[in-house]
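J.: What follows is input22.tsv; its format and atoms are TSV, C-alpha atoms.
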chain	number	residue	atom	x	y	z
E	53	MET	CA	48.13	-28.74	2.95
E	54	ARG	CA	44.38	-28.53	2.42
E	55	ASP	CA	43.97	-32.21	3.30
E	56	ILE	CA	45.95	-31.79	6.51
E	57	LYS	CA	43.81	-28.82	7.52
E	58	GLU	CA	40.61	-30.70	6.76
E	59	HIS	CA	41.72	-33.80	8.65
E	60	LEU	CA	42.82	-31.81	11.71
E	61	LEU	CA	40.24	-29.02	11.85
E	62	THR	CA	37.13	-31.00	10.91
E	63	PRO	CA	37.10	-33.23	14.03
E	64	ILE	CA	37.65	-30.22	16.29
E	65	ILE	CA	34.88	-28.24	14.62
E	66	LEU	CA	32.50	-31.21	14.72
E	67	PHE	CA	33.24	-31.78	18.40
E	68	PHE	CA	32.29	-28.19	19.18
E	69	VAL	CA	29.20	-28.50	16.98
E	70	LEU	CA	28.21	-31.53	19.07
E	71	LEU	CA	28.54	-29.46	22.23
E	72	ILE	CA	26.66	-26.52	20.71
E	73	ASP	CA	23.83	-28.89	19.76
E	74	GLY	CA	23.44	-29.79	23.40
E	75	GLN	CA	23.48	-26.18	24.51
E	76	ILE	CA	20.84	-25.18	21.95
E	77	SER	CA	18.65	-28.11	23.00
E	78	THR	CA	19.03	-27.28	26.70
E	79	PHE	CA	18.26	-23.62	26.10
E	80	LEU	CA	15.12	-24.48	24.14
E	81	ALA	CA	14.02	-26.98	26.79
E	82	ASN	CA	14.24	-24.25	29.42
E	83	ILE	CA	12.17	-21.67	27.53
E	84	LEU	CA	9.52	-23.86	25.88
E	85	PRO	CA	6.56	-25.68	27.44
E	86	LEU	CA	7.31	-29.01	29.10
E	87	GLN	CA	5.40	-31.11	26.58
E	88	TRP	CA	7.79	-30.17	23.74
E	89	HIS	CA	11.24	-31.66	23.50
E	90	LEU	CA	13.26	-30.06	20.70
E	91	VAL	CA	16.68	-31.42	19.81
E	92	SER	CA	19.15	-29.54	17.65
E	93	HIS	CA	21.00	-31.74	15.17
E	94	PHE	CA	23.43	-29.25	13.69
E	95	ILE	CA	25.86	-32.17	13.49
E	96	PHE	CA	23.85	-33.73	10.63
E	97	ILE	CA	23.98	-30.49	8.63
E	98	PHE	CA	27.75	-30.54	9.05
E	99	MET	CA	27.82	-34.25	8.23
E	100	LEU	CA	26.14	-33.55	4.92
E	101	PHE	CA	28.60	-30.86	3.92
E	102	VAL	CA	31.90	-32.28	5.21
E	103	SER	CA	31.31	-35.72	3.73
E	104	ILE	CA	32.39	-34.74	0.23
E	105	ASN	CA	35.80	-33.50	1.35
E	106	LEU	CA	36.85	-36.49	3.43
E	107	SER	CA	37.50	-40.10	2.51
E	108	ARG	CA	34.76	-42.59	3.29
E	109	ASN	CA	36.87	-44.48	5.85
E	110	TYR	CA	37.97	-41.30	7.63
E	111	ASN	CA	34.39	-40.04	7.63
E	112	ILE	CA	33.06	-43.24	9.19
E	113	LEU	CA	35.85	-43.33	11.78
E	114	LEU	CA	35.28	-39.66	12.64
E	115	PHE	CA	31.53	-40.12	13.11
E	116	CYS	CA	32.09	-43.34	15.04
E	117	CYS	CA	34.16	-41.34	17.55
E	118	LEU	CA	31.60	-38.55	17.62
E	119	GLY	CA	28.85	-41.15	18.13
E	120	LEU	CA	30.72	-42.52	21.13
E	121	ILE	CA	31.03	-39.02	22.60
E	122	TYR	CA	27.35	-38.34	21.87
E	123	ASP	CA	26.33	-41.58	23.59
E	124	VAL	CA	28.34	-40.88	26.71
E	125	TYR	CA	27.38	-37.21	26.91
E	126	TYR	CA	23.68	-37.33	26.02
E	127	PHE	CA	22.38	-40.91	26.34
E	128	HIS	CA	24.66	-42.04	29.19
E	129	THR	CA	24.88	-45.40	27.51
E	130	ILE	CA	27.13	-46.65	24.73
E	131	GLY	CA	25.74	-48.00	21.49
E	132	ILE	CA	22.91	-45.94	20.04
E	133	ALA	CA	24.77	-43.04	18.41
E	134	LEU	CA	27.92	-45.16	18.13
E	135	ILE	CA	25.99	-47.28	15.61
E	136	LEU	CA	23.80	-44.60	14.03
E	137	PHE	CA	26.35	-41.85	13.36
E	138	PRO	CA	28.67	-44.02	11.21
E	139	LEU	CA	25.68	-45.58	9.42
E	140	LEU	CA	24.22	-42.17	8.61
E	141	SER	CA	27.69	-41.00	7.57
E	142	LEU	CA	27.96	-43.99	5.22
E	143	LEU	CA	24.53	-43.14	3.80
E	144	VAL	CA	25.68	-39.56	3.16
E	145	CYS	CA	28.94	-40.74	1.58
E	146	GLN	CA	27.16	-43.20	-0.69
E	147	SER	CA	24.57	-40.71	-1.90
E	148	SER	CA	26.35	-37.35	-1.63
E	149	SER	CA	26.09	-36.72	-5.37
E	150	THR	CA	22.29	-36.86	-5.03
E	151	MET	CA	21.99	-35.25	-1.62
E	152	LEU	CA	24.04	-32.19	-2.56
E	153	LEU	CA	22.46	-31.67	-5.97
E	154	ASN	CA	20.46	-28.53	-5.13
E	155	LYS	CA	18.89	-26.65	-2.21
E	156	PHE	CA	15.80	-28.81	-2.13
E	157	THR	CA	17.68	-32.13	-2.02
E	158	ARG	CA	20.03	-30.79	0.67
E	159	PHE	CA	17.00	-29.70	2.70
E	160	LEU	CA	15.30	-33.09	2.29
E	161	SER	CA	18.55	-34.87	3.11
E	162	VAL	CA	18.85	-33.06	6.44
E	163	LEU	CA	15.22	-33.88	7.24
E	164	ILE	CA	15.78	-37.54	6.39
E	165	LEU	CA	18.95	-37.71	8.51
E	166	VAL	CA	17.19	-36.13	11.50
E	167	PHE	CA	14.13	-38.34	11.03
E	168	LEU	CA	16.17	-41.54	10.79
E	169	PHE	CA	18.34	-40.68	13.78
E	170	GLU	CA	15.43	-39.67	15.99
E	171	LEU	CA	13.20	-42.61	15.07
E	172	ILE	CA	15.88	-45.29	15.26
E	173	SER	CA	17.36	-43.92	18.49
E	174	PHE	CA	13.84	-43.81	19.98
E	175	SER	CA	13.32	-47.42	18.90
E	176	PHE	CA	16.61	-48.44	20.53
E	177	ALA	CA	15.70	-46.52	23.69
E	178	VAL	CA	12.33	-48.29	23.93
E	179	PHE	CA	13.97	-51.66	23.22
E	180	LEU	CA	16.58	-51.07	25.95
E	181	ASN	CA	13.92	-49.76	28.39
E	182	LEU	CA	15.51	-46.31	28.43
E	183	SER	CA	12.20	-44.68	27.46
E	184	SER	CA	8.60	-45.37	28.36
E	185	LEU	CA	7.02	-43.01	25.82
E	186	ASN	CA	4.67	-44.43	23.25
E	187	LEU	CA	5.18	-43.72	19.55
E	188	GLN	CA	2.34	-41.20	19.26
E	189	ASP	CA	3.63	-39.10	22.17
E	190	PHE	CA	7.15	-39.28	20.79
E	191	VAL	CA	6.07	-38.10	17.34
E	192	LEU	CA	3.95	-35.23	18.67
E	193	SER	CA	6.21	-34.02	21.46
E	194	SER	CA	9.67	-34.67	20.05
E	195	LEU	CA	9.95	-35.82	16.43
E	196	VAL	CA	7.82	-33.16	14.71
E	197	PRO	CA	9.19	-30.21	16.76
E	198	THR	CA	12.75	-31.48	16.25
E	199	ILE	CA	12.29	-31.76	12.50
E	200	LEU	CA	10.79	-28.26	12.38
E	201	LEU	CA	13.66	-26.83	14.45
E	202	ASN	CA	16.31	-28.46	12.28
E	203	SER	CA	14.52	-27.30	9.13
E	204	LEU	CA	14.72	-23.75	10.42
E	205	ILE	CA	18.39	-24.15	11.40
E	206	PHE	CA	19.20	-25.51	7.95
E	207	LEU	CA	17.36	-22.71	6.16
E	208	ILE	CA	19.20	-20.11	8.21
E	209	PHE	CA	22.70	-21.59	7.85
E	210	GLN	CA	22.52	-23.12	4.38
E	211	PRO	CA	23.75	-19.97	2.58
E	212	ILE	CA	26.85	-19.94	4.79
E	213	PHE	CA	27.60	-23.58	4.00
E	214	ARG	CA	27.06	-22.98	0.32
E	215	LYS	CA	29.82	-20.36	0.33
E	216	LYS	CA	32.23	-22.42	2.44
E	217	CYS	CA	31.71	-25.88	0.97
E	218	ILE	CA	32.18	-27.41	-2.43
E	219	TYR	CA	29.13	-28.65	-4.16
E	220	ASP	CA	28.84	-28.00	-7.80
E	221	LYS	CA	28.28	-31.21	-9.77
E	222	GLN	CA	31.79	-31.47	-11.23
E	223	GLU	CA	33.46	-30.96	-7.84
E	224	ILE	CA	31.22	-33.59	-6.24
E	225	LYS	CA	32.12	-36.10	-8.95
E	226	LYS	CA	35.81	-35.30	-8.50
E	227	CYS	CA	35.53	-35.76	-4.72
E	228	ASN	CA	33.63	-39.04	-5.15
E	229	LYS	CA	36.37	-40.36	-7.46
E	230	ARG	CA	39.07	-39.27	-4.99
E	231	ARG	CA	37.17	-40.89	-2.12
E	232	ASN	CA	36.91	-44.26	-3.89
E	233	ILE	CA	40.67	-44.48	-4.50
With the file now loaded, output its structure as structure tokens.

T.:
Amino acid sequence: MRDIKEHLLTPIILFFVLLIDGQISTFLANILPLQWHLVSHFIFIFMLFVSINLSRNYNILLFCCLGLIYDVYYFHTIGIALILFPLLSLLVCQSSSTMLLNKFTRFLSVLILVFLFELISFSFAVFLNLSSLNLQDFVLSSLVPTILLNSLIFLIFQPIFRKKCIYDKQEIKKCNKRRNI
């Protein structure tokens, strides 16, 4: 019964998290100065915590679908998040026992996920001529503020996730064994 709930509710929750990310980003864009472009990546915080409860294949398929939705909704092109979301999900699945070890590693994991997504998606956007920003402007106006915002979001919501999600060492090992079957 728990597996059915997780497999049905998780995609719905993650879809709404994807929409909430956009609303938070739009709200912040409207109230902050023009030179800053903050992007909420609540989805990566969820990715980190839901990955231990779902099989690797289901996780990758789920984030592939979410990447497609993200591409269509935010980038208006297909390919960037469609590639990055499943790859980041695979990274989380492969190293969840390390990433979920303690508060500090969870915090660093979220920062790494946000950094990788932002930098690689910016690189793709420049390569595909979707952006004309140079790297220095991108780092100062988008990457650093985005990382700071997501750090704050993680610090605020981490206690809630700790109560709702499994992540003591024995449970993580058990979930990793179940996932590899």

J.: Please report the interatomic distance between CA of Val162 in chain E and CA of Val196 in chain E in Å with one decimal.

T.: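 Separation between CA of Val162 in chain E and CA of Val196 in chain E: 13.8 Å.
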
J.: Which of these residues is nearest to Phe98 in chain E, using all atoms listed in the file: E:His128, E:Phe169, E:Phe179, E:Phe67?

T.: E:Phe67

J.: With a distance cut-off of 10 Å and only C-alpha atoms, select the neighbouring residues of Leu168 in chain E, excluding the residue or stretch itself and same-chain residues fewer than 5 positions from it, and output the selection as number ranges by chain.

T.: E: 136, 140, 162-163, 173-174

J.: Between CA of Gln188 in chain E and CA of Pro85 in chain E, measure the distance and give it in Å to one decimal.

T.: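 For CA of Gln188 in chain E relative to CA of Pro85 in chain E, the distance reads 18.0 Å.
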
J.: If we count only C-alpha atoms and set the cut-off at 10 Å, which residues sit around Leu139 in chain E, ignoring sequence neighbours fewer than 4 positions away in its own chain? Please answer as an MDAnalysis selection string.

T.: chainID E and resid 112 115:116 133:135 143:145 169

J.: Hey, which of E:Arg108, E:Leu142, E:Ser149, E:Val69 ends up closest to His93 in chain E? Count only C-alpha atoms.

T.: E:Val69

J.: What does the distance from CA of Ser141 in chain E to CA of Leu106 in chain E come to in Å, to one decimal?

T.: 11.0 Å

J.: Could you check which of E:Leu195, E:Ile104, E:Leu60, E:Ala81 is closest to Ile172 in chain E, using all atoms listed in the file?

T.: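 When distances to Ile172 in chain E are compared using all atoms listed in the file, the smallest one comes from E:Leu195.
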
J.: Provide an axis-aligned box for all listed atoms of range 193-210 of chain E, padding each side by 5 Å; report its centre and its edge lengths in Å to one decimal, as lines of an AutoDock Vina configuration file.

T.:
center_x = 14.5
center_y = -28.0
center_z = 12.9
size_x = 26.5
size_y = 25.7
size_z = 27.1
